[in-house]
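The file my_file.cif contains mmCIF, C-alpha atoms:
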data_work
loop_
_atom_site.label_atom_id
_atom_site.label_comp_id
_atom_site.auth_asym_id
_atom_site.auth_seq_id
_atom_site.Cartn_x
_atom_site.Cartn_y
_atom_site.Cartn_z
CA MET A 1 -44.83 -21.91 -32.44
CA THR A 2 -45.20 -18.14 -32.79
CA THR A 3 -42.13 -16.38 -34.19
CA ARG A 4 -41.55 -12.90 -32.79
CA ILE A 5 -39.81 -10.63 -35.30
CA LEU A 6 -38.35 -7.18 -34.62
CA PRO A 7 -37.54 -5.16 -37.78
CA ALA A 8 -34.83 -2.47 -37.57
CA VAL A 9 -35.54 -0.19 -40.52
CA GLY A 10 -34.84 3.53 -40.71
CA ASP A 11 -36.75 4.30 -43.91
CA PRO A 12 -40.53 4.58 -43.23
CA ASP A 13 -41.56 3.27 -46.66
CA ALA A 14 -39.26 0.26 -46.41
CA ALA A 15 -40.50 -0.36 -42.86
CA ARG A 16 -44.14 -0.46 -43.99
CA ALA A 17 -43.34 -2.85 -46.84
CA ILE A 18 -41.39 -5.21 -44.57
CA VAL A 19 -44.03 -5.24 -41.82
CA THR A 20 -46.79 -5.85 -44.38
CA LEU A 21 -44.97 -8.86 -45.78
CA LEU A 22 -44.03 -10.17 -42.32
CA SER A 23 -47.65 -10.06 -41.20
CA GLN A 24 -48.48 -12.51 -44.00
CA LEU A 25 -46.08 -15.16 -42.70
CA PRO A 26 -47.74 -18.05 -40.83
CA ALA A 27 -47.40 -17.88 -37.03
CA ALA A 28 -45.41 -14.65 -37.30
CA GLU A 29 -45.73 -11.84 -34.77
CA PRO A 30 -43.95 -8.75 -36.15
CA ALA A 31 -43.29 -5.94 -33.69
CA ALA A 32 -43.36 -2.24 -34.52
CA PRO A 33 -40.15 -1.40 -36.41
CA VAL A 34 -37.36 0.49 -34.63
CA PRO A 35 -35.77 3.36 -36.60
CA ASP A 36 -32.10 3.17 -35.61
CA ALA A 37 -29.38 1.07 -34.01
CA THR A 38 -29.56 2.77 -30.61
CA THR A 39 -33.30 2.15 -30.27
CA LEU A 40 -32.84 -1.48 -31.29
CA LEU A 41 -30.12 -2.16 -28.72
CA ASP A 42 -32.08 -0.37 -25.98
CA ALA A 43 -35.22 -2.37 -26.80
CA LEU A 44 -33.35 -5.68 -26.72
CA ALA A 45 -31.62 -4.70 -23.47
CA ARG A 46 -34.95 -3.97 -21.77
CA LEU A 47 -36.36 -7.32 -22.87
CA ALA A 48 -33.22 -9.25 -21.88
CA ALA A 49 -33.28 -7.64 -18.43
CA ASP A 50 -36.50 -9.56 -17.69
CA SER A 51 -35.67 -12.89 -19.28
CA ILE A 52 -33.94 -14.34 -22.31
CA ASP A 53 -37.33 -15.75 -23.31
CA GLU A 54 -38.68 -12.21 -23.72
CA LEU A 55 -36.33 -11.52 -26.63
CA PRO A 56 -37.65 -11.83 -30.20
CA GLU A 57 -36.53 -14.92 -32.06
CA VAL A 58 -35.57 -12.90 -35.15
CA VAL A 59 -34.28 -9.39 -35.76
CA LEU A 60 -34.31 -8.02 -39.32
CA VAL A 61 -31.65 -5.36 -39.95
CA HIS A 62 -32.07 -3.16 -43.01
CA GLU A 63 -28.89 -2.19 -44.88
CA ARG A 64 -29.47 1.56 -44.37
CA ILE A 65 -29.95 1.43 -40.62
CA GLY A 66 -27.94 4.04 -38.73
CA PRO A 67 -26.00 5.58 -37.13
CA VAL A 68 -23.96 2.36 -36.74
CA PRO A 69 -23.25 0.51 -40.01
CA ALA A 70 -25.47 -2.55 -40.49
CA LEU A 71 -22.68 -5.13 -40.20
CA GLU A 72 -21.33 -3.52 -37.02
CA LEU A 73 -24.84 -3.50 -35.56
CA ILE A 74 -25.28 -7.18 -36.41
CA ARG A 75 -21.98 -7.95 -34.72
CA GLU A 76 -23.03 -6.14 -31.54
CA VAL A 77 -26.46 -7.80 -31.42
CA ALA A 78 -24.91 -11.23 -31.96
CA LEU A 79 -22.38 -10.58 -29.21
CA ARG A 80 -24.73 -9.12 -26.62
CA PHE A 81 -27.82 -11.22 -27.41
CA PRO A 82 -26.56 -14.55 -28.75
CA ALA A 83 -30.00 -16.17 -28.60
CA VAL A 84 -31.41 -13.81 -31.24
CA GLY A 85 -31.22 -14.76 -34.92
CA VAL A 86 -30.24 -11.70 -36.98
CA VAL A 87 -31.06 -11.47 -40.68
CA LEU A 88 -29.67 -8.73 -42.95
CA VAL A 89 -31.91 -7.17 -45.60
CA SER A 90 -29.87 -5.68 -48.45
CA SER A 91 -30.03 -4.80 -52.12
CA ASP A 92 -26.64 -6.50 -52.49
CA ALA A 93 -27.12 -10.25 -52.11
CA GLY A 94 -23.76 -11.20 -53.56
CA PRO A 95 -21.30 -13.70 -52.06
CA GLY A 96 -19.01 -10.93 -50.71
CA LEU A 97 -21.70 -9.38 -48.52
CA PHE A 98 -23.06 -12.80 -47.60
CA SER A 99 -19.64 -13.82 -46.28
CA ALA A 100 -19.21 -10.52 -44.40
CA ALA A 101 -22.68 -10.85 -42.86
CA MET A 102 -21.97 -14.39 -41.68
CA ASP A 103 -18.65 -13.27 -40.20
CA SER A 104 -20.54 -10.57 -38.28
CA GLY A 105 -22.94 -13.12 -36.80
CA ALA A 106 -25.95 -12.91 -39.11
CA ARG A 107 -28.05 -16.03 -39.65
CA GLY A 108 -29.17 -15.09 -43.14
CA LEU A 109 -29.23 -12.51 -45.95
CA ILE A 110 -32.37 -11.44 -47.81
CA GLY A 111 -32.11 -9.56 -51.10
CA LEU A 112 -34.18 -6.55 -52.07
CA PRO A 113 -36.81 -6.28 -53.41
CA LEU A 114 -38.31 -8.72 -50.91
CA SER A 115 -39.99 -11.90 -52.02
CA TYR A 116 -42.40 -13.81 -49.80
CA GLU A 117 -40.70 -17.17 -50.33
CA GLU A 118 -37.19 -15.95 -49.49
CA LEU A 119 -38.39 -13.96 -46.47
CA ALA A 120 -40.31 -16.95 -45.10
CA ALA A 121 -37.37 -19.32 -45.58
CA ARG A 122 -34.79 -17.02 -43.92
CA VAL A 123 -37.02 -16.06 -41.01
CA GLN A 124 -37.95 -19.69 -40.35
CA ALA A 125 -34.30 -20.80 -40.42
CA ALA A 126 -33.22 -17.99 -38.07
CA ALA A 127 -36.12 -18.73 -35.70
CA GLN A 128 -35.30 -22.43 -35.54
CA TRP A 129 -31.68 -21.60 -34.79
CA SER A 130 -32.74 -19.18 -32.05
CA VAL A 131 -34.99 -21.76 -30.41
CA GLY A 132 -32.15 -24.29 -30.45
CA VAL A 133 -29.73 -21.83 -28.82
CA ARG A 134 -32.25 -20.98 -26.09
CA ARG A 135 -32.78 -24.64 -25.37
CA HIS A 136 -29.02 -25.02 -25.13
CA LEU A 137 -28.74 -22.01 -22.81
CA GLY A 138 -31.54 -23.34 -20.67
CA ARG A 139 -29.48 -26.43 -19.87
CA GLY A 140 -26.63 -24.18 -18.70
CA ALA A 141 -24.28 -25.55 -21.33
CA ALA A 142 -23.37 -22.14 -22.70
CA ALA A 143 -22.12 -20.31 -19.64
CA ASP A 144 -19.15 -19.01 -21.60
CA VAL A 145 -21.07 -16.60 -23.83
CA PHE A 146 -22.00 -12.96 -23.37
CA THR A 147 -25.58 -12.46 -22.25
CA GLY A 148 -27.60 -9.65 -20.73
CA PRO A 149 -28.25 -6.04 -21.64
CA GLY A 150 -24.67 -4.87 -21.12
CA GLY A 151 -23.20 -2.02 -19.12
CA ARG A 152 -22.67 1.67 -19.70
CA VAL A 153 -19.76 3.23 -21.57
CA VAL A 154 -18.25 6.57 -20.55
CA THR A 155 -15.48 8.17 -22.60
CA VAL A 156 -13.08 10.77 -21.23
CA THR A 157 -11.38 12.98 -23.83
CA GLY A 158 -8.98 15.88 -23.31
CA ALA A 159 -9.30 19.21 -25.11
CA LYS A 160 -5.50 19.19 -25.39
CA GLY A 161 -2.54 17.49 -23.80
CA GLY A 162 -1.90 18.12 -20.11
CA VAL A 163 -5.43 18.98 -19.00
CA GLY A 164 -5.77 15.88 -16.77
CA THR A 165 -7.61 13.45 -19.04
CA THR A 166 -6.04 10.21 -17.82
CA PHE A 167 -6.15 11.19 -14.16
CA THR A 168 -9.86 12.01 -14.52
CA ALA A 169 -10.61 8.70 -16.27
CA VAL A 170 -8.71 6.71 -13.62
CA GLN A 171 -10.51 8.43 -10.74
CA PHE A 172 -13.92 7.91 -12.39
CA ALA A 173 -13.15 4.20 -12.72
CA LEU A 174 -11.87 3.93 -9.12
CA ALA A 175 -14.98 5.69 -7.81
CA ALA A 176 -17.27 3.33 -9.74
CA ALA A 177 -15.37 0.26 -8.51
CA ALA A 178 -15.51 1.54 -4.93
CA SER A 179 -19.28 1.95 -5.24
CA GLY A 180 -19.59 -1.74 -6.10
CA ARG A 181 -19.76 -1.63 -9.88
CA ARG A 182 -17.76 -4.14 -11.90
CA THR A 183 -15.66 -1.68 -13.88
CA ALA A 184 -13.28 -1.88 -16.83
CA LEU A 185 -10.82 0.91 -17.64
CA VAL A 186 -9.66 1.05 -21.27
CA ASP A 187 -6.64 3.05 -22.46
CA LEU A 188 -7.54 4.15 -25.99
CA ASP A 189 -4.78 6.75 -26.12
CA LEU A 190 -3.07 4.30 -28.43
CA GLN A 191 0.31 5.95 -28.92
CA ALA A 192 0.82 7.68 -25.59
CA GLY A 193 -1.37 5.83 -23.09
CA ASP A 194 -0.36 6.23 -19.44
CA VAL A 195 -3.06 4.37 -17.53
CA GLY A 196 -0.59 1.62 -16.65
CA SER A 197 1.96 4.19 -15.42
CA TYR A 198 -0.62 5.92 -13.22
CA LEU A 199 -1.57 2.62 -11.57
CA ASP A 200 1.92 1.05 -11.46
CA VAL A 201 0.91 -1.78 -13.80
CA GLN A 202 2.99 -3.62 -16.37
CA PHE A 203 1.24 -6.23 -18.49
CA ARG A 204 2.29 -8.01 -21.67
CA ARG A 205 -1.15 -7.88 -23.27
CA SER A 206 -2.82 -4.78 -24.69
CA ILE A 207 -5.85 -3.69 -26.66
CA ALA A 208 -3.86 -4.23 -29.87
CA ASP A 209 -3.87 -7.99 -29.18
CA LEU A 210 -7.67 -7.98 -29.60
CA ALA A 211 -7.72 -5.91 -32.80
CA GLY A 212 -7.54 -8.78 -35.27
CA ILE A 213 -9.85 -11.19 -33.45
CA GLN A 214 -13.28 -11.61 -35.02
CA ASP A 215 -14.85 -13.57 -32.16
CA ILE A 216 -13.87 -12.08 -28.79
CA SER A 217 -15.09 -14.72 -26.35
CA PRO A 218 -15.01 -14.13 -22.58
CA ARG A 219 -11.90 -16.29 -22.33
CA VAL A 220 -10.09 -14.33 -25.04
CA LEU A 221 -11.07 -11.07 -23.33
CA GLN A 222 -9.93 -12.35 -19.96
CA ASP A 223 -6.48 -13.09 -21.37
CA ALA A 224 -6.08 -9.49 -22.56
CA VAL A 225 -7.45 -7.79 -19.44
CA TYR A 226 -5.38 -7.18 -16.31
CA GLU A 227 -7.30 -7.59 -13.05
CA ASP A 228 -5.80 -4.94 -10.78
CA ALA A 229 -5.77 -5.05 -6.98
CA SER A 230 -7.75 -1.79 -7.01
CA GLY A 231 -10.73 -3.76 -8.35
CA LEU A 232 -10.42 -2.47 -11.90
CA ALA A 233 -10.15 -4.57 -15.03
CA LEU A 234 -7.53 -2.83 -17.18
CA LEU A 235 -7.20 -3.03 -20.95
CA LEU A 236 -4.00 -1.12 -21.63
CA ALA A 237 -2.60 0.70 -24.63
CA PRO A 238 0.21 -1.08 -26.50
CA ALA A 239 3.72 -0.49 -25.17
CA ASP A 240 4.89 0.07 -28.75
CA GLY A 241 2.98 3.09 -30.00
CA GLU A 242 3.12 2.03 -33.64
CA ARG A 243 0.90 -0.94 -32.80
CA GLY A 244 -1.90 1.51 -32.12
CA GLU A 245 -2.54 1.60 -35.87
CA GLU A 246 -3.86 -1.96 -35.59
CA VAL A 247 -6.86 -0.69 -33.61
CA ASP A 248 -9.18 0.92 -36.15
CA ASP A 249 -12.77 2.07 -35.69
CA ARG A 250 -14.19 -1.38 -36.42
CA ALA A 251 -11.89 -3.06 -33.91
CA ALA A 252 -12.72 -0.40 -31.29
CA ARG A 253 -16.46 -0.98 -31.71
CA HIS A 254 -16.00 -4.73 -31.45
CA ILE A 255 -13.79 -4.53 -28.35
CA ILE A 256 -15.98 -2.01 -26.51
CA ALA A 257 -19.10 -4.05 -27.30
CA ALA A 258 -17.40 -7.12 -25.80
CA LEU A 259 -16.40 -5.17 -22.69
CA ARG A 260 -19.80 -3.61 -22.11
CA SER A 261 -21.34 -7.07 -22.29
CA ARG A 262 -19.02 -8.21 -19.52
CA TYR A 263 -18.84 -5.20 -17.18
CA GLU A 264 -21.34 -2.87 -15.58
CA LEU A 265 -19.29 0.19 -16.50
CA VAL A 266 -16.59 0.71 -19.14
CA VAL A 267 -14.48 3.88 -18.74
CA VAL A 268 -12.47 4.74 -21.86
CA ASP A 269 -9.52 7.15 -21.81
CA CYS A 270 -9.59 8.57 -25.37
CA GLY A 271 -6.59 10.85 -25.03
CA THR A 272 -6.51 14.15 -26.90
CA GLN A 273 -6.27 13.15 -30.57
CA VAL A 274 -9.21 12.23 -32.80
CA THR A 275 -8.63 8.83 -34.39
CA GLY A 276 -11.02 6.38 -35.96
CA ALA A 277 -10.87 4.21 -32.84
CA ASN A 278 -11.61 6.84 -30.21
CA ALA A 279 -14.18 8.57 -32.46
CA ALA A 280 -16.04 5.25 -32.60
CA ALA A 281 -15.82 4.99 -28.80
CA VAL A 282 -17.23 8.51 -28.31
CA GLU A 283 -20.05 7.73 -30.76
CA MET A 284 -20.94 4.54 -28.83
CA ALA A 285 -20.68 6.15 -25.38
CA ASP A 286 -23.62 6.59 -23.06
CA VAL A 287 -21.72 9.48 -21.46
CA ALA A 288 -19.05 11.49 -23.32
CA VAL A 289 -16.86 13.69 -21.10
CA LEU A 290 -14.56 16.41 -22.44
CA VAL A 291 -11.93 17.72 -20.00
CA THR A 292 -10.53 21.24 -20.22
CA THR A 293 -8.73 23.72 -18.02
CA PRO A 294 -9.98 27.31 -17.59
CA ASP A 295 -7.44 28.99 -19.86
CA VAL A 296 -7.74 30.47 -23.33
CA VAL A 297 -5.71 27.86 -25.20
CA ALA A 298 -7.48 24.87 -23.62
CA VAL A 299 -10.98 26.30 -24.06
CA ARG A 300 -10.30 27.07 -27.71
CA ALA A 301 -9.02 23.51 -28.11
CA ALA A 302 -12.22 22.22 -26.47
CA LYS A 303 -14.33 24.23 -28.91
CA ARG A 304 -12.24 22.88 -31.78
CA MET A 305 -12.75 19.30 -30.56
CA VAL A 306 -16.51 19.71 -30.22
CA ARG A 307 -16.79 21.23 -33.70
CA MET A 308 -14.77 18.36 -35.16
CA TRP A 309 -17.04 15.80 -33.49
CA GLU A 310 -20.07 17.55 -34.95
CA ARG A 311 -18.58 17.70 -38.46
CA LEU A 312 -17.74 14.01 -38.29
CA GLN A 313 -21.21 13.28 -36.83
CA VAL A 314 -19.59 11.65 -33.82
CA ARG A 315 -21.25 13.64 -31.04
CA LYS A 316 -23.41 16.72 -30.69
CA ALA A 317 -22.08 19.51 -28.48
CA GLU A 318 -25.16 19.48 -26.25
CA ASP A 319 -24.67 15.75 -25.63
CA THR A 320 -21.15 16.33 -24.30
CA ALA A 321 -20.40 16.82 -20.59
CA MET A 322 -17.66 19.40 -19.99
CA VAL A 323 -15.43 18.92 -16.93
CA VAL A 324 -13.43 21.98 -15.88
CA ASN A 325 -10.15 20.94 -14.26
CA ARG A 326 -7.79 23.13 -12.17
CA TRP A 327 -10.49 25.63 -11.32
CA SER A 328 -10.23 28.28 -8.63
CA LYS A 329 -12.50 31.11 -7.57
CA HIS A 330 -9.90 33.55 -8.89
CA THR A 331 -10.02 32.05 -12.40
CA GLU A 332 -11.23 34.59 -14.93
CA ILE A 333 -12.71 31.94 -17.24
CA GLN A 334 -15.55 30.31 -15.35
CA PRO A 335 -17.62 27.18 -16.22
CA ALA A 336 -20.61 29.26 -17.37
CA LEU A 337 -18.52 30.99 -20.01
CA ILE A 338 -16.93 27.72 -21.17
CA GLU A 339 -20.41 26.22 -21.52
CA LYS A 340 -21.54 29.20 -23.57
CA ILE A 341 -18.50 29.13 -25.87
CA THR A 342 -18.43 25.38 -26.52
CA LYS A 343 -22.23 24.81 -26.44
CA THR A 344 -21.62 21.78 -24.19
CA ARG A 345 -23.13 20.97 -20.79
CA ALA A 346 -20.74 22.07 -18.04
CA THR A 347 -20.88 19.79 -15.02
CA ARG A 348 -21.91 21.31 -11.70
CA THR A 349 -18.68 20.31 -9.97
CA PRO A 350 -15.42 21.82 -11.23
CA VAL A 351 -12.15 20.22 -10.13
CA PRO A 352 -9.97 22.50 -7.99
CA ALA A 353 -6.38 23.41 -8.79
CA ALA A 354 -4.45 21.52 -6.13
CA PHE A 355 -1.57 19.69 -7.79
CA LYS A 356 0.43 19.54 -4.56
CA GLU A 357 -2.11 16.99 -3.29
CA LEU A 358 -1.42 14.80 -6.32
CA GLN A 359 2.29 15.12 -6.92
CA ALA A 360 3.46 12.35 -4.58
CA VAL A 361 1.05 9.68 -5.88
CA VAL A 362 1.50 10.72 -9.53
CA ASP A 363 5.29 10.56 -9.26
CA ALA A 364 5.03 7.17 -7.54
CA GLY A 365 2.56 5.88 -10.16
CA ARG A 366 0.05 5.04 -7.43
CA VAL A 367 -2.89 7.38 -7.95
CA GLN A 368 -5.15 4.76 -6.37
CA ASP A 369 -3.47 5.65 -3.06
CA LEU A 370 -4.58 9.30 -3.18
CA ASP A 371 -5.83 10.38 0.25
CA ASN A 372 -9.60 10.62 0.68
CA ARG A 373 -9.12 14.12 2.08
CA SER A 374 -7.81 15.35 -1.25
CA THR A 375 -10.10 18.06 -2.62
CA VAL A 376 -9.30 16.88 -6.16
CA LYS A 377 -10.36 13.31 -5.38
CA GLN A 378 -13.50 14.51 -3.65
CA ALA A 379 -14.45 16.63 -6.65
CA LEU A 380 -13.81 13.87 -9.18
CA TRP A 381 -15.71 11.25 -7.17
CA THR A 382 -18.56 13.71 -6.76
CA LEU A 383 -18.49 14.19 -10.53
CA ALA A 384 -18.67 10.42 -11.01
CA GLY A 385 -21.90 10.44 -9.02
CA GLU A 386 -23.21 13.46 -10.93
CA LEU A 387 -22.62 11.63 -14.22
CA GLY A 388 -24.42 8.50 -13.00
CA LEU A 389 -21.35 6.26 -12.86
CA LEU A 390 -21.91 5.03 -9.30
CA SER A 391 -24.28 2.33 -8.13
CA THR A 392 -24.63 3.97 -4.72
CA PRO A 393 -24.55 7.59 -3.54
CA ASP A 394 -21.20 9.37 -3.68
CA PRO A 395 -18.82 7.23 -1.56
CA THR A 396 -16.67 10.16 -0.39
CA PRO A 397 -17.41 11.28 3.18
CA THR A 398 -17.20 14.94 2.28
CA THR A 399 -17.33 16.90 -0.91
CA ALA A 400 -15.49 19.93 -2.13
CA THR A 401 -17.31 23.21 -2.11
CA THR A 402 -18.54 23.79 -5.63
CA PRO A 403 -19.34 27.11 -7.24
CA SER A 404 -22.57 27.97 -8.92
CA ALA A 405 -22.56 27.51 -12.67
CA SER A 406 -23.66 31.13 -12.95
CA LEU A 407 -20.63 32.70 -11.27
CA ALA A 408 -19.79 36.10 -12.69
CA VAL A 409 -17.00 36.35 -15.23
CA ARG A 410 -14.76 39.38 -15.38
CA ALA A 411 -14.64 40.95 -18.81
CA SER A 412 -10.97 41.78 -18.95
CA GLY A 413 -7.87 39.69 -19.57
CA PRO A 414 -8.11 36.31 -21.33
CA VAL A 415 -11.91 36.35 -21.26
CA ALA A 416 -11.95 39.17 -23.76
CA ARG A 417 -9.53 37.22 -25.96
CA LEU A 418 -11.84 34.22 -25.89
CA ARG A 419 -14.88 36.31 -26.77
CA ARG A 420 -13.07 37.87 -29.70
CA GLY A 421 -12.10 34.38 -30.93
CA ARG A 422 -15.55 32.86 -30.58
CA GLU A 423 -16.38 33.14 -34.22
CA GLY A 424 -12.95 32.02 -35.34
#
So, in terms of structure tokens, how does the structure I just supplied come out?
Amino acid sequence: MTTRILPAVGDPDAARAIVTLLSQLPAAEPAAPVPDATTLLDALARLAADSIDELPEVVLVHERIGPVPALELIREVALRFPAVGVVLVSSDAGPGLFSAAMDSGARGLIGLPLSYEELAARVQAAAQWSVGVRRHLGRGAAADVFTGPGGRVVTVTGAKGGVGTTFTAVQFALAAAASGRRTALVDLDLQAGDVGSYLDVQFRRSIADLAGIQDISPRVLQDAVYEDASGLALLLAPADGERGEEVDDRAARHIIAALRSRYELVVVDCGTQVTGANAAAVEMADVAVLVTTPDVVAVRAAKRMVRMWERLQVRKAEDTAMVVNRWSKHTEIQPALIEKITKTRATRTPVPAAFKELQAVVDAGRVQDLDNRSTVKQALWTLAGELGLLSTPDPTPTTATTPSASLAVRASGPVARLRRGREG
């Protein structure tokens, strides 16, 4: 039997050494190494989309792979592609790391520098395990595991409080569900989450109940998720804000990986504060949205948020989609200026200032009942299509008139204040 091996090694010299040694193994078929975690997951997802049999039997993960830490990457591969045997390659081969690697789902640990005998033994053991799992899956006996390439993750973050972050996240999720996508909505505003209040939902479980679980099976996930009548699967913030401390960056990665393996789209409301959990979510996201309003304070807060993400190496400004909420043609600060100040990508469709349309459903906690004629709903659902969150064309019958991104900006008033503060 030929053993297909995919090395994930960021360092070119280490990659050449590993591939050279792998090519000497009997019946081994090493693939070209992938340089980072994102490329590895994308490659496995493409192969799994065709058939589970297209996946390599063994994946070697080097200890210095990035941007996701090696153990977190192993956990995600093991969760999303359970028929792949993952082996960690590390200079630390002690019992502490061995135990942590096994807890993450690895099938073996190889110490550096590599030796032929140890590499052959670990690869063979992982390959045999992989073949056994695939045989088991082929008989349909493992229907209760995560399989497949997984869905997309979109995070929605507010520049500051009160800019419409939660409302935007809820409408994105409702639009995706209406288009036919199986959608999960996660409230990662851990101390002040209001997703449940917006949708008139009370549920005893929350994301904090998943924080300490190492193996989040579909059944465990199902117990924590509320299936709403709107078609959304809701994972709510804890009712007691202090429990939010239980959800750290590692737990957030683990939970979001489990959700994306179960749903076509995962919308995450990250609130307005940078924590380890929501920073991890933004880093993992396929689409990261930052919501602001066209006023001086909010735009400065948006610039501050983007700079913080860049300093923490969470997200580059140019990889962030900026949504301008409460826009009007009389607004002095236009999307083009916000894009220039924050260095982000302003979306084509700003959201109009029309709170009177929303007040009744917001006060009732039933934003899912917002009339289709609402210009705010039309704009947000159009935005969902623009961001690629829908499986079909925009489901709204009409769309709000949207301004050109190059609309002129008057130089007086708050615009001048913003320009003076650009370098601050």
message: With 10 Å as the threshold, what does the neighbourhood of (-0.9, 20.1, -18.5) contain in terms of residues, counting only C-alpha atoms? Coordinates are those of the file; answer as a count of residues only.
response: 10
- prompt: Quick one: of A:Gly365, A:Leu210, A:Leu174, A:Val87, who's nearest to Gly385 in chain A, counting all atoms listed in the file?
  reply: A:Leu174
message: Can you measure CA of Val314 in chain A to CA of Asp249 in chain A for me? One decimal in Å is fine.
response: 11.9 Å
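Candidate residues A:Val195, A:Leu25, A:Val9, A:Ala121 were compared for distance to Gly66 in chain A, and the nearest is A:Val9, using all atoms listed in the file.
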query: Using only C-alpha atoms, can you list as a PyMOL selection string the residues within 12 Å of (-21.3, -8.2, -44.4)?
result: chain A and resi 61-63+69-75+87-90+92-109
message: Calculated over all atoms listed in the file, which of the candidates A:Glu118, A:Glu246, A:Asp42, A:Asp200 has the smallest distance to Asp286 in chain A?
response: A:Asp42
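Counting all atoms listed in the file, Asp371 in chain A has the following residues at most 10 Å away, ignoring those fewer than 6 positions along the same chain: Glu357, Leu358, Val361, Lys377 and Gln378 of chain A.
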message: Please compute the CA of Val299 in chain A-CA of Gly158 in chain A distance, one decimal, in Å.
response: 10.6 Å
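Closest to Thr2 in chain A among A:Ala28, A:Leu387, A:Ala229, A:Leu337 is A:Ala28, based on only C-alpha atoms.
Near Leu55 in chain A, within 10 Å and counting only C-alpha atoms, sit Arg4, Ile5, Leu6, Ala43, Leu44, Ala45, Arg46, Leu47, Ala48, Ala49, Phe81, Ala83 and Val84 of chain A; same-chain residues fewer than 6 positions away were not included.
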Given the selection you just returned, output its residues as a file containing C-alpha atoms, formatted as a short mmCIF file (atom, residue, chain, number, x, y, z; two decimals), keeping the file's coordinate frame.
data_model
loop_
_atom_site.label_atom_id
_atom_site.label_comp_id
_atom_site.auth_asym_id
_atom_site.auth_seq_id
_atom_site.Cartn_x
_atom_site.Cartn_y
_atom_site.Cartn_z
CA ARG A 4 -41.55 -12.90 -32.79
CA ILE A 5 -39.81 -10.63 -35.30
CA LEU A 6 -38.35 -7.18 -34.62
CA ALA A 43 -35.22 -2.37 -26.80
CA LEU A 44 -33.35 -5.68 -26.72
CA ALA A 45 -31.62 -4.70 -23.47
CA ARG A 46 -34.95 -3.97 -21.77
CA LEU A 47 -36.36 -7.32 -22.87
CA ALA A 48 -33.22 -9.25 -21.88
CA ALA A 49 -33.28 -7.64 -18.43
CA PHE A 81 -27.82 -11.22 -27.41
CA ALA A 83 -30.00 -16.17 -28.60
CA VAL A 84 -31.41 -13.81 -31.24
#
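Going from CA of Val186 in chain A over to CA of Trp381 in chain A, you cover 18.4 Å.
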